[in-house]
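Text of input-v4.tsv (TSV, C-alpha atoms and all ligand atoms) as supplied:
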chain	number	residue	atom	x	y	z
Z	1	MET	CA	33.19	25.31	7.27
Z	2	SER	CA	30.33	27.35	8.77
Z	3	ASN	CA	30.18	30.13	6.13
Z	4	GLN	CA	31.24	28.07	3.18
Z	5	LEU	CA	29.22	25.66	1.08
Z	6	VAL	CA	29.91	21.98	1.75
Z	7	ARG	CA	31.36	20.62	-1.49
Z	8	VAL	CA	29.78	17.22	-2.07
Z	9	GLY	CA	31.01	14.35	-4.24
Z	10	ILE	CA	28.38	11.78	-5.26
Z	11	ILE	CA	29.17	8.19	-6.23
Z	12	GLY	CA	26.44	6.42	-8.19
Z	13	CYS	CA	24.10	8.42	-10.42
Z	14	GLY	CA	21.24	5.95	-10.87
Z	15	ASN	CA	17.71	6.89	-9.77
Z	16	ILE	CA	18.46	7.71	-6.15
Z	17	GLY	CA	21.94	9.10	-6.89
Z	18	ALA	CA	20.56	11.46	-9.54
Z	19	ASP	CA	17.82	12.56	-7.10
Z	20	HIS	CA	20.53	13.32	-4.53
Z	21	VAL	CA	22.54	15.33	-7.08
Z	22	ASP	CA	19.49	17.54	-7.61
Z	23	ARG	CA	18.81	17.78	-3.88
Z	24	VAL	CA	22.35	18.78	-2.94
Z	25	ALA	CA	22.59	21.23	-5.85
Z	26	ASN	CA	19.11	22.75	-5.85
Z	27	GLN	CA	16.89	21.71	-2.96
Z	28	VAL	CA	18.88	22.15	0.24
Z	29	SER	CA	20.98	25.03	1.51
Z	30	GLY	CA	24.65	25.12	2.45
Z	31	SER	CA	25.97	22.74	-0.19
Z	32	ARG	CA	26.95	22.28	-3.80
Z	33	VAL	CA	27.92	19.30	-5.93
Z	34	THR	CA	31.52	19.34	-7.13
Z	35	ALA	CA	32.31	15.81	-8.37
Z	36	LEU	CA	30.42	12.76	-9.61
Z	37	PHE	CA	31.15	9.20	-10.60
Z	38	ASP	CA	29.03	6.54	-12.25
Z	39	VAL	CA	29.97	3.50	-14.34
Z	40	ALA	CA	27.55	4.97	-16.89
Z	41	THR	CA	29.99	7.73	-17.75
Z	42	GLU	CA	27.68	9.63	-20.08
Z	43	ARG	CA	25.00	9.85	-17.45
Z	44	ALA	CA	27.50	11.17	-14.90
Z	45	GLN	CA	28.82	13.70	-17.41
Z	46	GLU	CA	25.32	14.89	-18.28
Z	47	LEU	CA	24.44	15.43	-14.62
Z	48	ALA	CA	27.80	17.05	-13.89
Z	49	THR	CA	27.25	19.56	-16.68
Z	50	LYS	CA	23.81	20.42	-15.26
Z	51	VAL	CA	25.13	21.22	-11.78
Z	52	GLY	CA	28.57	22.61	-12.63
Z	53	ALA	CA	30.52	19.61	-11.29
Z	54	VAL	CA	33.23	17.39	-12.77
Z	55	ALA	CA	32.59	13.77	-13.75
Z	56	LEU	CA	35.56	11.64	-12.69
Z	57	ALA	CA	36.75	8.26	-13.97
Z	58	THR	CA	36.68	6.36	-10.64
Z	59	ALA	CA	34.97	6.50	-7.24
Z	60	PRO	CA	38.24	6.90	-5.28
Z	61	GLU	CA	39.02	9.97	-7.36
Z	62	VAL	CA	35.78	11.53	-6.13
Z	63	ILE	CA	36.55	10.69	-2.50
Z	64	ASN	CA	40.08	12.05	-2.64
Z	65	HIS	CA	39.40	15.09	-4.81
Z	66	PRO	CA	40.62	18.34	-3.20
Z	67	ASP	CA	37.28	20.03	-4.02
Z	68	VAL	CA	35.25	17.40	-2.19
Z	69	ASP	CA	34.55	17.93	1.54
Z	70	ALA	CA	31.94	15.19	1.96
Z	71	VAL	CA	30.64	12.20	0.01
Z	72	ILE	CA	27.29	10.55	-0.76
Z	73	ILE	CA	27.44	6.88	-1.74
Z	74	ALA	CA	24.52	5.75	-3.87
Z	75	SER	CA	26.21	2.89	-5.71
Z	76	PRO	CA	24.99	-0.74	-5.49
Z	77	GLY	CA	25.17	-2.15	-1.92
Z	78	GLU	CA	28.08	-4.50	-2.58
Z	79	PHE	CA	30.43	-1.49	-2.97
Z	80	HIS	CA	29.23	0.43	0.10
Z	81	ALA	CA	31.68	-0.86	2.72
Z	82	ALA	CA	34.85	-0.41	0.65
Z	83	LEU	CA	33.85	3.11	-0.40
Z	84	THR	CA	32.83	4.08	3.14
Z	85	LEU	CA	36.20	2.84	4.43
Z	86	GLU	CA	37.91	4.99	1.84
Z	87	CYS	CA	35.95	8.06	3.03
Z	88	ILE	CA	36.97	7.33	6.62
Z	89	ALA	CA	40.62	7.01	5.55
Z	90	ALA	CA	40.30	10.39	3.78
Z	91	GLY	CA	38.72	11.91	6.93
Z	92	LYS	CA	35.57	12.98	5.02
Z	93	PRO	CA	31.95	12.78	6.27
Z	94	VAL	CA	29.96	10.26	4.27
Z	95	LEU	CA	26.25	9.60	3.79
Z	96	CYS	CA	25.99	5.99	2.63
Z	97	GLU	CA	22.69	4.76	1.23
Z	98	LYS	CA	21.27	1.68	2.91
Z	99	PRO	CA	22.51	-0.97	3.52
Z	100	LEU	CA	25.79	0.07	5.13
Z	101	ALA	CA	26.96	-3.27	3.72
Z	102	PRO	CA	25.28	-6.55	2.78
Z	103	THR	CA	27.20	-8.58	5.41
Z	104	VAL	CA	27.63	-8.09	9.15
Z	105	GLU	CA	31.39	-8.67	8.82
Z	106	GLU	CA	31.78	-5.75	6.42
Z	107	CYS	CA	29.67	-3.51	8.69
Z	108	GLU	CA	31.93	-4.46	11.59
Z	109	THR	CA	34.98	-3.38	9.58
Z	110	VAL	CA	33.40	0.05	9.05
Z	111	VAL	CA	32.48	0.40	12.73
Z	112	ALA	CA	36.04	-0.55	13.74
Z	113	ALA	CA	37.67	1.81	11.23
Z	114	GLU	CA	35.50	4.72	12.30
Z	115	GLN	CA	36.35	4.19	15.96
Z	116	ALA	CA	40.05	3.91	15.10
Z	117	ALA	CA	39.75	7.22	13.23
Z	118	GLY	CA	38.34	8.69	16.47
Z	119	ARG	CA	35.60	10.71	14.77
Z	120	ARG	CA	32.00	9.96	13.75
Z	121	LEU	CA	32.03	10.37	9.98
Z	122	VAL	CA	29.40	7.92	8.74
Z	123	GLN	CA	25.64	8.37	8.37
Z	124	VAL	CA	23.48	5.61	6.88
Z	125	GLY	CA	20.62	6.64	4.59
Z	126	PHE	CA	17.64	5.45	6.62
Z	127	MET	CA	15.55	8.40	5.45
Z	128	ARG	CA	12.37	7.40	7.25
Z	129	ARG	CA	13.90	8.85	10.42
Z	130	ASN	CA	13.33	12.24	8.72
Z	131	ASP	CA	9.75	11.54	7.62
Z	132	VAL	CA	7.24	13.83	9.34
Z	133	GLY	CA	4.75	11.01	9.97
Z	134	TYR	CA	7.25	8.64	11.58
Z	135	ARG	CA	8.68	11.51	13.64
Z	136	HIS	CA	5.19	12.26	15.02
Z	137	MET	CA	4.79	8.61	15.96
Z	138	LYS	CA	8.11	8.61	17.78
Z	139	GLU	CA	7.23	11.82	19.59
Z	140	ASN	CA	3.91	10.34	20.73
Z	141	LEU	CA	5.64	7.26	22.05
Z	142	ASP	CA	8.54	9.12	23.69
Z	143	ARG	CA	6.18	11.60	25.40
Z	144	GLY	CA	4.18	8.76	26.89
Z	145	ASN	CA	1.00	9.72	24.96
Z	146	ILE	CA	0.13	6.08	24.23
Z	147	GLY	CA	1.74	4.40	27.24
Z	148	GLU	CA	4.15	1.56	26.65
Z	149	ALA	CA	4.60	0.12	23.15
Z	150	LEU	CA	3.24	-3.44	22.96
Z	151	ILE	CA	2.86	-4.24	19.27
Z	152	VAL	CA	3.91	-2.52	16.03
Z	153	HIS	CA	2.12	-3.24	12.74
Z	154	CYS	CA	3.90	-2.37	9.51
Z	155	GLU	CA	2.86	-2.75	5.91
Z	156	HIS	CA	5.36	-2.33	3.10
Z	157	ARG	CA	3.81	-2.57	-0.36
Z	158	ASN	CA	5.56	-1.82	-3.62
Z	159	PRO	CA	3.56	-1.79	-6.88
Z	160	ASP	CA	6.04	-4.14	-8.57
Z	161	VAL	CA	9.67	-5.23	-8.73
Z	162	PRO	CA	11.96	-6.47	-11.52
Z	163	ASP	CA	12.05	-10.23	-12.25
Z	164	SER	CA	15.53	-10.40	-10.69
Z	165	PHE	CA	14.05	-9.55	-7.25
Z	166	THR	CA	14.19	-12.49	-4.81
Z	167	SER	CA	12.48	-13.46	-1.54
Z	168	GLU	CA	15.75	-12.66	0.25
Z	169	MET	CA	15.86	-9.21	-1.34
Z	170	SER	CA	12.45	-8.49	0.15
Z	171	MET	CA	14.33	-8.66	3.46
Z	172	THR	CA	17.59	-6.88	2.55
Z	173	ASP	CA	16.10	-4.23	0.27
Z	174	SER	CA	12.62	-3.53	1.65
Z	175	VAL	CA	12.14	-4.95	5.17
Z	176	ILE	CA	15.51	-3.46	6.24
Z	177	HIS	CA	13.68	-0.10	6.41
Z	178	GLU	CA	11.09	-1.57	8.78
Z	179	ILE	CA	13.92	-3.04	10.86
Z	180	ASP	CA	15.64	0.32	11.24
Z	181	THR	CA	12.33	2.07	11.87
Z	182	ALA	CA	11.36	-0.42	14.59
Z	183	ARG	CA	14.76	-0.12	16.34
Z	184	TRP	CA	14.60	3.69	16.16
Z	185	LEU	CA	10.95	4.01	17.26
Z	186	LEU	CA	11.26	1.55	20.12
Z	187	GLY	CA	14.83	2.38	21.16
Z	188	GLU	CA	15.47	-1.36	21.48
Z	189	GLU	CA	17.29	-4.06	19.58
Z	190	ILE	CA	15.54	-6.81	17.62
Z	191	VAL	CA	16.44	-10.21	19.03
Z	192	ARG	CA	14.40	-12.71	16.99
Z	193	VAL	CA	12.89	-12.98	13.53
Z	194	ARG	CA	10.52	-15.30	11.75
Z	195	VAL	CA	9.25	-15.18	8.17
Z	196	ILE	CA	6.09	-16.86	6.87
Z	197	ALA	CA	4.93	-17.10	3.26
Z	198	GLY	CA	1.25	-18.00	2.99
Z	199	LYS	CA	-1.04	-17.75	-0.01
Z	200	GLN	CA	0.89	-16.15	-2.88
Z	201	THR	CA	-0.05	-13.56	-5.46
Z	202	PRO	CA	-0.31	-14.80	-9.05
Z	203	ASN	CA	1.49	-11.57	-10.08
Z	204	ALA	CA	4.94	-12.46	-8.70
Z	205	ALA	CA	7.74	-14.31	-10.53
Z	206	PRO	CA	7.65	-18.04	-9.61
Z	207	HIS	CA	10.89	-17.84	-7.59
Z	208	LEU	CA	9.62	-14.99	-5.38
Z	209	ASN	CA	7.61	-15.49	-2.17
Z	210	ASP	CA	5.14	-12.62	-2.22
Z	211	PRO	CA	3.61	-11.50	0.08
Z	212	GLN	CA	5.61	-12.54	3.15
Z	213	LEU	CA	4.86	-11.90	6.79
Z	214	VAL	CA	7.83	-11.09	9.02
Z	215	ILE	CA	7.61	-11.16	12.80
Z	216	LEU	CA	10.35	-9.30	14.62
Z	217	GLU	CA	10.66	-9.45	18.39
Z	218	SER	CA	12.37	-6.75	20.44
Z	219	GLU	CA	14.42	-7.16	23.63
Z	220	SER	CA	11.45	-6.31	25.85
Z	221	GLY	CA	9.11	-8.58	23.85
Z	222	VAL	CA	7.41	-6.01	21.59
Z	223	LEU	CA	6.18	-7.86	18.50
Z	224	VAL	CA	6.60	-6.12	15.15
Z	225	SER	CA	4.54	-7.58	12.31
Z	226	VAL	CA	5.68	-6.63	8.83
Z	227	GLU	CA	3.69	-7.46	5.73
Z	228	VAL	CA	6.05	-7.13	2.78
Z	229	PHE	CA	4.27	-7.30	-0.55
Z	230	VAL	CA	6.36	-6.15	-3.49
Z	231	ASN	CA	3.83	-6.82	-6.27
Z	232	ALA	CA	0.85	-5.08	-4.71
Z	233	LYS	CA	0.10	-3.45	-8.08
Z	234	TYR	CA	-2.14	-0.58	-6.91
Z	235	GLY	CA	0.60	1.85	-5.74
Z	236	TYR	CA	3.31	2.38	-3.14
Z	237	ASP	CA	1.80	2.01	0.29
Z	238	VAL	CA	3.67	2.08	3.58
Z	239	ARG	CA	1.71	1.96	6.84
Z	240	CYS	CA	2.70	1.83	10.46
Z	241	GLU	CA	0.86	1.71	13.75
Z	242	ILE	CA	2.17	1.34	17.29
Z	243	VAL	CA	-0.29	-0.19	19.73
Z	244	GLY	CA	0.49	1.05	23.22
Z	245	SER	CA	-0.82	0.25	26.69
Z	246	ASN	CA	-2.91	3.47	26.71
Z	247	GLY	CA	-3.45	4.30	23.06
Z	248	VAL	CA	-2.38	3.97	19.48
Z	249	THR	CA	-0.27	6.13	17.18
Z	250	SER	CA	-0.03	5.72	13.42
Z	251	LEU	CA	1.20	7.36	10.24
Z	252	GLY	CA	-1.15	10.02	8.92
Z	253	SER	CA	-2.47	10.17	5.39
Z	254	GLN	CA	0.10	9.84	2.63
Z	255	ASP	CA	-2.32	10.77	-0.11
Z	256	LEU	CA	-1.10	13.26	-2.69
Z	257	GLY	CA	-4.50	14.80	-3.37
Z	258	GLN	CA	-8.02	13.88	-4.34
Z	259	TYR	CA	-10.99	14.81	-6.43
Z	260	VAL	CA	-14.65	14.27	-5.77
Z	261	SER	CA	-17.08	13.69	-8.58
Z	262	ASN	CA	-20.25	11.77	-9.26
Z	263	ILE	CA	-20.64	10.85	-5.55
Z	264	GLN	CA	-17.18	9.21	-5.61
Z	265	ARG	CA	-13.97	10.34	-3.93
Z	266	ASN	CA	-10.81	9.63	-5.96
Z	267	VAL	CA	-7.51	9.76	-4.09
Z	268	THR	CA	-4.06	9.90	-5.67
Z	269	MET	CA	-1.38	7.94	-3.86
Z	270	PRO	CA	2.41	7.79	-4.35
Z	271	ALA	CA	3.49	5.65	-7.30
Z	272	ASN	CA	6.82	4.73	-5.72
Z	273	TRP	CA	9.12	5.25	-2.76
Z	274	ARG	CA	11.03	8.09	-4.43
Z	275	ILE	CA	7.82	10.13	-4.45
Z	276	ARG	CA	6.53	8.97	-1.08
Z	277	PHE	CA	9.79	9.74	0.72
Z	278	GLY	CA	10.96	12.72	-1.38
Z	279	ASP	CA	10.48	15.17	1.52
Z	280	ALA	CA	12.16	12.79	3.96
Z	281	TYR	CA	15.21	12.45	1.68
Z	282	ARG	CA	15.40	16.23	1.36
Z	283	ALA	CA	15.19	16.67	5.14
Z	284	GLU	CA	17.79	13.92	5.65
Z	285	ILE	CA	20.29	15.60	3.33
Z	286	GLN	CA	19.64	19.05	4.81
Z	287	ASP	CA	20.24	17.64	8.27
Z	288	TRP	CA	23.45	15.91	7.09
Z	289	ILE	CA	24.74	19.19	5.59
Z	290	ASN	CA	23.74	21.15	8.72
Z	291	GLY	CA	25.56	18.55	10.83
Z	292	ILE	CA	28.73	18.97	8.76
Z	293	HIS	CA	28.54	22.75	9.23
Z	294	ALA	CA	28.06	22.24	12.98
Z	295	GLY	CA	30.80	19.60	13.19
Z	296	GLU	CA	28.26	17.04	14.45
Z	297	SER	CA	27.21	13.61	13.29
Z	298	ARG	CA	23.44	13.04	12.97
Z	299	GLY	CA	20.95	10.43	11.80
Z	300	ALA	CA	21.54	6.68	11.69
Z	301	ASN	CA	25.19	5.81	12.42
Z	302	SER	CA	27.43	2.88	11.47
Z	303	TYR	CA	26.32	0.88	14.50
Z	304	ASP	CA	22.68	1.33	13.41
Z	305	GLY	CA	23.73	0.16	9.95
Z	306	LEU	CA	25.40	-2.91	11.44
Z	307	CYS	CA	22.35	-3.82	13.56
Z	308	ALA	CA	19.96	-3.40	10.61
Z	309	THR	CA	22.11	-5.67	8.44
Z	310	ALA	CA	22.36	-8.25	11.25
Z	311	VAL	CA	18.55	-8.46	11.51
Z	312	ALA	CA	18.09	-8.47	7.72
Z	313	GLN	CA	20.58	-11.32	7.39
Z	314	ALA	CA	18.77	-13.24	10.15
Z	315	ALA	CA	15.55	-12.68	8.18
Z	316	VAL	CA	17.24	-14.10	5.07
Z	317	ARG	CA	18.14	-17.23	7.09
Z	318	ALA	CA	14.54	-17.37	8.31
Z	319	VAL	CA	13.29	-17.27	4.69
Z	320	LYS	CA	15.64	-20.09	3.73
Z	321	THR	CA	15.03	-22.35	6.73
Z	322	GLY	CA	11.49	-21.52	7.77
Z	323	GLN	CA	12.85	-21.36	11.33
Z	324	THR	CA	12.76	-18.62	13.96
Z	325	VAL	CA	16.25	-17.14	13.95
Z	326	ASN	CA	17.92	-15.41	16.90
Z	327	VAL	CA	19.82	-12.21	16.21
Z	328	THR	CA	22.99	-11.29	18.03
Z	329	VAL	CA	24.61	-7.90	17.71
Z	330	PRO	CA	27.75	-6.68	19.45
Z	331	GLU	CA	27.08	-4.36	22.38
Z	332	LYS	CA	26.84	-0.69	21.40
Z	333	PRO	CA	30.26	0.93	21.74
Z	334	ALA	CA	30.32	4.11	23.90
Z	335	PHE	CA	31.60	5.88	20.76
Z	336	TYR	CA	28.01	5.69	19.38
Z	337	ALA	CA	26.24	6.74	22.59
R	401	LIG	C1	13.84	0.34	-2.21
R	401	LIG	O1	15.17	-0.06	-2.45
R	401	LIG	C2	13.83	1.29	-1.09
R	401	LIG	O2	14.80	1.61	-0.46
R	401	LIG	C3	12.48	1.74	-0.71
R	401	LIG	O3	12.49	2.66	0.34
R	401	LIG	C4	11.66	0.53	-0.32
R	401	LIG	O4	10.38	0.92	0.05
R	401	LIG	C5	11.59	-0.43	-1.47
R	401	LIG	O5	10.85	-1.56	-1.07
R	401	LIG	C6	12.98	-0.86	-1.86
R	401	LIG	O6	12.90	-1.73	-2.97

Just give me the structure as C-alpha cells.
Ligand code: ISE
Amino acid sequence: MSNQLVRVGIIGCGNIGADHVDRVANQVSGSRVTALFDVATERAQELATKVGAVALATAPEVINHPDVDAVIIASPGEFHAALTLECIAAGKPVLCEKPLAPTVEECETVVAAEQAAGRRLVQVGFMRRNDVGYRHMKENLDRGNIGEALIVHCEHRNPDVPDSFTSEMSMTDSVIHEIDTARWLLGEEIVRVRVIAGKQTPNAAPHLNDPQLVILESESGVLVSVEVFVNAKYGYDVRCEIVGSNGVTSLGSQDLGQYVSNIQRNVTMPANWRIRFGDAYRAEIQDWINGIHAGESRGANSYDGLCATAVAQAAVRAVKTGQTVNVTVPEKPAFYA
C-alpha cells in the first residue's frame, strides 16, 4: 500500500460526508475517493462526478467494491454498527463517524467482531483528538506541567438546532464529544453521571431542556462539568479548562480574526462545528490515511466508541430520571492496549 493511493469509499454524503469527500480527494495526501453512496442519489452522483468516483446504489456495494481499500461511514448513527460490521467482514479499515452505535449492545458486537477478525480495523471519528488546542492541553497534563488533574470545565454551545432535537440528543449528539475528550485527556473512565436542567432559554423548543449541566465523575474522582447549550444563538463556542494541583491548562483562542475600529474590537468566531473543527477533521483523516499506509490503527478505537456510548446512554437515563447514574463498561481487552 505504501506507494499507492488509498482508495476510499464514502457512505453518506450529507454535510459531514460531503466535507470528507472533499478532504479525501483534495485536502490530504495519499488517498483518493473511488466510490460513494447516499440515499439522495443525485447528490452522490454530483459529488462522484466532481472527484472522479462512481456513485453506487447501496452501501454494501461501496464496502465490497474491488476499487475500495478503506471506508468512511458518515450515514445516520442508527446504521453505523451494521455498516462497520460489514467493513470488518470485508477486512477493510473503516473510519466511522461518532457514535460508533447508539446502543452499548451494538458497540459490543463491533468490538467482538473486530477481535474475532484479529486485526484493528475500526477508528471512531472523535476529531477533537486531532485538534491543536486539545492536544496542547493533553501535552501539558501528561508532562506534569499543571500537576494532577482535579476538575475539568467544558462548555459546548451551538448557535441553534432543528426543532426535532431533544434533551437526550444533547447527550448523544453533543455531550458525547465531551465524554470522549474527558476520557482521552484524563486517561480514565467515567463512572458516574448526573444531569441538571435549571433556568431555561426562551429560545428552545418547549420539549427541549436547554441549557443543561452535566457532571461526569472519573474513576479517580475528577469532576467534569459540562454546560451544553444548543440554542446559544451568538455562535459556536467550545471551551475547556483543566484545573490541576499546580496550574491550569485551557484551549487557546478559537477566533477566526478581528477588526478594530472606533475604539471597539470586533472578533469573528466560528459559526458552526464544521468550521471550528475543520482543521481537526483534516488532521484526523490524514492520520487515518497515514495509518493505513503504515499498517497501523490510530485515533479512537472501537472500545473508545463503546465507552463513549455507555456514558452517553447513562446521561440519557440521568436526563429522564433526574438521578445520578452509575456507568459500567467492560474491562479494556488487551487487543486495544
Ligand atoms: C454535532 O453533531 C457534532 O458532532 C458537533 O461536533 C457538536 O459540537 C454538535 O453539538 C453536534 O450537534

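Straight-line separation from atom CA of Ile179 of chain Z to atom CA of Val24 of chain Z: 27.2 Å.
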
Neighbour list for segment 200-209 of chain Z as a compact mmCIF listing (two decimals) with C-alpha atoms, in the coordinates of the input, cut-off 10 Å, only C-alpha atoms, skip fewer than 3 positions in-chain:
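Wrote it out as part.txt, contents follow:
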# COMPACT_ATOMS: atom_id res chain seq x y z
CA ASP Z 160 6.04 -4.14 -8.57
CA VAL Z 161 9.67 -5.23 -8.73
CA PRO Z 162 11.96 -6.47 -11.52
CA ASP Z 163 12.05 -10.23 -12.25
CA SER Z 164 15.53 -10.40 -10.69
CA PHE Z 165 14.05 -9.55 -7.25
CA THR Z 166 14.19 -12.49 -4.81
CA SER Z 167 12.48 -13.46 -1.54
CA GLU Z 168 15.75 -12.66 0.25
CA MET Z 169 15.86 -9.21 -1.34
CA SER Z 170 12.45 -8.49 0.15
CA ILE Z 196 6.09 -16.86 6.87
CA ALA Z 197 4.93 -17.10 3.26
CA GLN Z 212 5.61 -12.54 3.15
CA VAL Z 228 6.05 -7.13 2.78
CA PHE Z 229 4.27 -7.30 -0.55
CA VAL Z 230 6.36 -6.15 -3.49
CA ASN Z 231 3.83 -6.82 -6.27
CA ALA Z 232 0.85 -5.08 -4.71
CA LYS Z 233 0.10 -3.45 -8.08
CA VAL Z 319 13.29 -17.27 4.69

For this session: Dump the neighbourhood of ligand LIG 401 (chain R) as a VMD selection string: all residues within 6 Å, distances computed on only C-alpha atoms and all ligand atoms.
Result: chain Z and resid 158 173 to 174 273

For this session: To one decimal in Å, tell me the separation between atom CA of Ser75 of chain Z and atom CA of Pro333 of chain Z.
Result: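 Going from atom CA of Ser75 of chain Z over to atom CA of Pro333 of chain Z, I get 27.8 Å.
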
For this session: Take the point (16.4, 21.7, -4.8) in the file's coordinates, draw a sphere of radius 12 Å around it, and report as a PyMOL selection string every protein, DNA or RNA residue with an atom inside or on it, counting all atoms listed in the file.
Result: chain Z and resi 19-33+51+278-279+281-283+285-286

Near Thr321 of chain Z, counting only C-alpha atoms, which residues have an atom at most 12 Å away, once you skip same-chain residues fewer than 2 positions from it, shown as a PDB file with C-alpha atoms, in the frame of the given file?
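Contents of the output file selection39.pdb:
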ATOM      1  CA  GLU Z 168      15.750 -12.660   0.250  1.00  0.00           C
ATOM      2  CA  VAL Z 193      12.890 -12.980  13.530  1.00  0.00           C
ATOM      3  CA  ARG Z 194      10.520 -15.300  11.750  1.00  0.00           C
ATOM      4  CA  VAL Z 195       9.250 -15.180   8.170  1.00  0.00           C
ATOM      5  CA  ILE Z 196       6.090 -16.860   6.870  1.00  0.00           C
ATOM      6  CA  ALA Z 197       4.930 -17.100   3.260  1.00  0.00           C
ATOM      7  CA  ALA Z 314      18.770 -13.240  10.150  1.00  0.00           C
ATOM      8  CA  ALA Z 315      15.550 -12.680   8.180  1.00  0.00           C
ATOM      9  CA  VAL Z 316      17.240 -14.100   5.070  1.00  0.00           C
ATOM     10  CA  ARG Z 317      18.140 -17.230   7.090  1.00  0.00           C
ATOM     11  CA  ALA Z 318      14.540 -17.370   8.310  1.00  0.00           C
ATOM     12  CA  VAL Z 319      13.290 -17.270   4.690  1.00  0.00           C
ATOM     13  CA  GLN Z 323      12.850 -21.360  11.330  1.00  0.00           C
ATOM     14  CA  THR Z 324      12.760 -18.620  13.960  1.00  0.00           C
ATOM     15  CA  VAL Z 325      16.250 -17.140  13.950  1.00  0.00           C
TER      16      VAL Z 325
END

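We find atom CA of Gly12 of chain Z and atom CA of Gly299 of chain Z to be spaced 21.1 Å apart.
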
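Nearest residue to Asn272 of chain Z, choosing from Z:Thr172, Z:Ser250, Z:Arg157, Z:Ala310 and counting all atoms listed in the file: Z:Arg157.
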
For this session: Identify, on the basis of all atoms listed in the file, every residue whose closest approach to Val222 of chain Z does not exceed 9 Å; exclude the query and any residue fewer than 6 positions from it along the same chain; express the result as a list in words.
Result: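 What passes the distance filter is Ala149, Leu150, Ile151, Val152, Leu186 and Leu216 of chain Z.
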
For this session: Considering all atoms listed in the file, state which residue in the set Z:Leu141, Z:Ile263, Z:Val329, Z:Ile215 is at the smallest distance from Asn246 of chain Z.
Result: Z:Leu141

Problem set entry | Contact residues around Pro270 of chain Z with only C-alpha atoms at 8 Å, ignoring same-chain residues under 3 positions, as a PyMOL selection string | chain Z and resi 235-237+254-256+273+275-276

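For His65 of chain Z, the list of residues within 12 Å, based on all atoms listed in the file and with local chain neighbours fewer than 5 positions off taken out, reads Arg7, Val8, Gly9, Ile10, Thr34, Ala35, Leu36, Phe37, Ala53, Val54, Ala55, Leu56, Ala57, Thr58, Ala59, Pro60, Ala70, Val71, Cys87, Ala90 and Lys92 of chain Z.
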
Using all atoms listed in the file, which residues of segment 182-237 of chain Z come within 10 Å of segment 301-306 of chain Z, and what is the closest atom pair for each, with the distance in Å to one decimal? Give it as JSON lines, sorted by chain and residue number.
{"residue": "Z:Arg183", "atom": "CA", "partner": "Z:Asp304", "partner_atom": "CA", "distance": 8.6}
{"residue": "Z:Trp184", "atom": "CA", "partner": "Z:Asp304", "partner_atom": "CA", "distance": 8.9}
{"residue": "Z:Glu189", "atom": "CA", "partner": "Z:Asp304", "partner_atom": "CA", "distance": 9.8}
